[in-house]
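Asker: Just passing along the structure, written as structure tokens.
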Amino acid sequence: MSFGQNVAATKIELFKYKKSTQIAVMVQQILDDKRKVLLKNIEEMIQEASKARGGIWDPLQDIYKSVNEAYLALGTNTVDSVAESTPPVMEVDVHVRRVVDVKIPALTVTEKDTKSMPYGFADTNSSIDRAAKQIKELMPKICKAAEYENSIFSLAKALEKTQKLLNALENVIIPQYKDNIRFILSTLEEREREEFAKLKKVKAKMESR
């Protein structure tokens, strides 16, 4: 239904605007409930993301230290060669879950082989071994932190969209509907008074004859 000053002051239009107002109020309540759920989930995920990030930085510093020691001891070419020739031993599976109709990717890390290192020991040292082990242990936490960060971003976008729709309903659509209803009611009441006045005049003329 379009907005504007050219509102037909009829009972049919009055019924349409009243019905539209009821529907708009229902949608407003649904969106407000959605907004509250989104906010709750965002707050919870921010807390979880903060915990996840907190458990990453110190181990990452240790990994950087181990890798740096390996570069210094073995040289760039050797470390790069080991990295390039090492087959992947971890897989990251992605599946989608929904939070209030918002699609959120969930990450699952699995290990292909946890019994042995995926490279030979001839050209490596303890620094590489330590870094490889630390990375395997830290990877699930990194993926979980990334999952939370992405979830927060997706939910925040949905929240922004929901809030815009709520603002439009609360500040534009519903007030406009109500203004139109008041205009139609006022116009219809004025017409009824005019018709009543006309009938009184007609009745007075008939009685005077």
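We name chains A, B, ... following the order of the structure tokens; residues begin at 1 in each chain, and ligands are numbered from 1 as shown.
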Might you pull out every residue within 9 Å of Asp93 (chain A), with only C-alpha atoms counted and same-chain residues fewer than 2 positions away left off, and present them as a PyMOL selection string?

Answerer: chain A and resi 91+95+106-110

Asker: Restricted to N, CA, C and O atoms, what would the selected residues look like written as a PDB file, in the first residue's frame?

Answerer:
ATOM      1  N   GLU A  91      42.727 -31.625   8.383  1.00  0.00           N
ATOM      2  CA  GLU A  91      41.672 -31.202   7.480  1.00  0.00           C
ATOM      3  C   GLU A  91      40.672 -30.323   8.239  1.00  0.00           C
ATOM      4  O   GLU A  91      40.397 -30.564   9.416  1.00  0.00           O
ATOM      5  N   HIS A  95      30.675 -26.890   7.803  1.00  0.00           N
ATOM      6  CA  HIS A  95      29.247 -27.122   7.643  1.00  0.00           C
ATOM      7  C   HIS A  95      28.503 -25.888   8.157  1.00  0.00           C
ATOM      8  O   HIS A  95      29.052 -25.089   8.926  1.00  0.00           O
ATOM      9  N   ALA A 106      30.377 -23.450  10.500  1.00  0.00           N
ATOM     10  CA  ALA A 106      31.020 -24.050  11.670  1.00  0.00           C
ATOM     11  C   ALA A 106      32.193 -24.898  11.186  1.00  0.00           C
ATOM     12  O   ALA A 106      32.063 -25.640  10.211  1.00  0.00           O
ATOM     13  N   LEU A 107      33.328 -24.769  11.840  1.00  0.00           N
ATOM     14  CA  LEU A 107      34.552 -25.440  11.406  1.00  0.00           C
ATOM     15  C   LEU A 107      34.891 -26.612  12.329  1.00  0.00           C
ATOM     16  O   LEU A 107      34.798 -26.492  13.548  1.00  0.00           O
ATOM     17  N   THR A 108      35.272 -27.717  11.705  1.00  0.00           N
ATOM     18  CA  THR A 108      35.704 -28.897  12.453  1.00  0.00           C
ATOM     19  C   THR A 108      37.069 -29.331  11.942  1.00  0.00           C
ATOM     20  O   THR A 108      37.249 -29.552  10.743  1.00  0.00           O
ATOM     21  N   VAL A 109      38.036 -29.428  12.843  1.00  0.00           N
ATOM     22  CA  VAL A 109      39.404 -29.808  12.479  1.00  0.00           C
ATOM     23  C   VAL A 109      39.625 -31.276  12.825  1.00  0.00           C
ATOM     24  O   VAL A 109      39.335 -31.708  13.944  1.00  0.00           O
ATOM     25  N   THR A 110      40.114 -32.030  11.850  1.00  0.00           N
ATOM     26  CA  THR A 110      40.426 -33.444  12.082  1.00  0.00           C
ATOM     27  C   THR A 110      41.865 -33.718  11.649  1.00  0.00           C
ATOM     28  O   THR A 110      42.383 -33.081  10.726  1.00  0.00           O
TER      29      THR A 110
END

Asker: To one decimal place in Å, what is the distance between CA of Ile173 (chain A) and CA of Leu38 (chain A)?

Answerer: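 Answer for the CA of Ile173 (chain A) to CA of Leu38 (chain A) separation: 23.2 Å.
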
Asker: Rank A:Ala52, A:Ala168, A:Val94, A:Ile181 by their smallest atom-to-atom distance to Ser20 (chain A), using only C-alpha atoms, and report the top residue only.

Answerer: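 Among the listed residues, the smallest separation from Ser20 (chain A) belongs to A:Ile181.
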
Asker: For CA of Arg182 (chain A) and CA of Lys18 (chain A), quote the distance in Å rounded to one decimal.

Answerer: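 Spanning CA of Arg182 (chain A) to CA of Lys18 (chain A) is a straight-line distance of 10.4 Å.
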
Asker: List as an mmCIF file with C-alpha atoms, in the first residue's frame the protein and nucleic acid residues near Ile56 (chain A), meaning an atom at most 12 Å away when only C-alpha atoms are counted, but skip any in the same chain fewer than 3 places from it.

Answerer:
data_model
loop_
_atom_site.group_PDB
_atom_site.id
_atom_site.type_symbol
_atom_site.label_atom_id
_atom_site.label_comp_id
_atom_site.auth_asym_id
_atom_site.auth_seq_id
_atom_site.Cartn_x
_atom_site.Cartn_y
_atom_site.Cartn_z
ATOM 1 C CA ALA A 49 35.580 -15.185 20.922
ATOM 2 C CA SER A 50 37.415 -13.281 23.640
ATOM 3 C CA LYS A 51 38.167 -16.542 25.446
ATOM 4 C CA ALA A 52 39.256 -18.218 22.209
ATOM 5 C CA ARG A 53 41.562 -15.363 21.255
ATOM 6 C CA PRO A 59 51.059 -20.355 21.952
ATOM 7 C CA LEU A 60 51.435 -18.374 18.715
ATOM 8 C CA GLN A 61 54.394 -16.525 20.210
ATOM 9 C CA ASP A 62 55.936 -19.881 21.080
ATOM 10 C CA ILE A 63 55.362 -21.132 17.518
ATOM 11 C CA GLN A 134 52.358 -26.750 18.583
ATOM 12 C CA ILE A 135 50.612 -25.900 15.319
ATOM 13 C CA GLU A 137 47.561 -28.494 18.931
ATOM 14 C CA LEU A 138 46.656 -24.868 18.209
ATOM 15 C CA MET A 139 44.880 -25.269 14.869
ATOM 16 C CA PRO A 140 41.466 -26.270 16.348
ATOM 17 C CA LYS A 141 41.571 -23.230 18.633
ATOM 18 C CA ILE A 142 42.461 -20.912 15.745
ATOM 19 C CA CYS A 143 39.597 -22.294 13.660
ATOM 20 C CA LYS A 144 37.197 -21.941 16.584
ATOM 21 C CA ALA A 145 38.249 -18.317 17.086
ATOM 22 C CA ALA A 146 37.773 -17.672 13.347
#

Asker: My list of candidates is A:Val25, A:Leu166, A:Leu199, A:Ile152. Which is closest to Ile46 (chain A) when distances are computed with only C-alpha atoms?

Answerer: A:Ile152
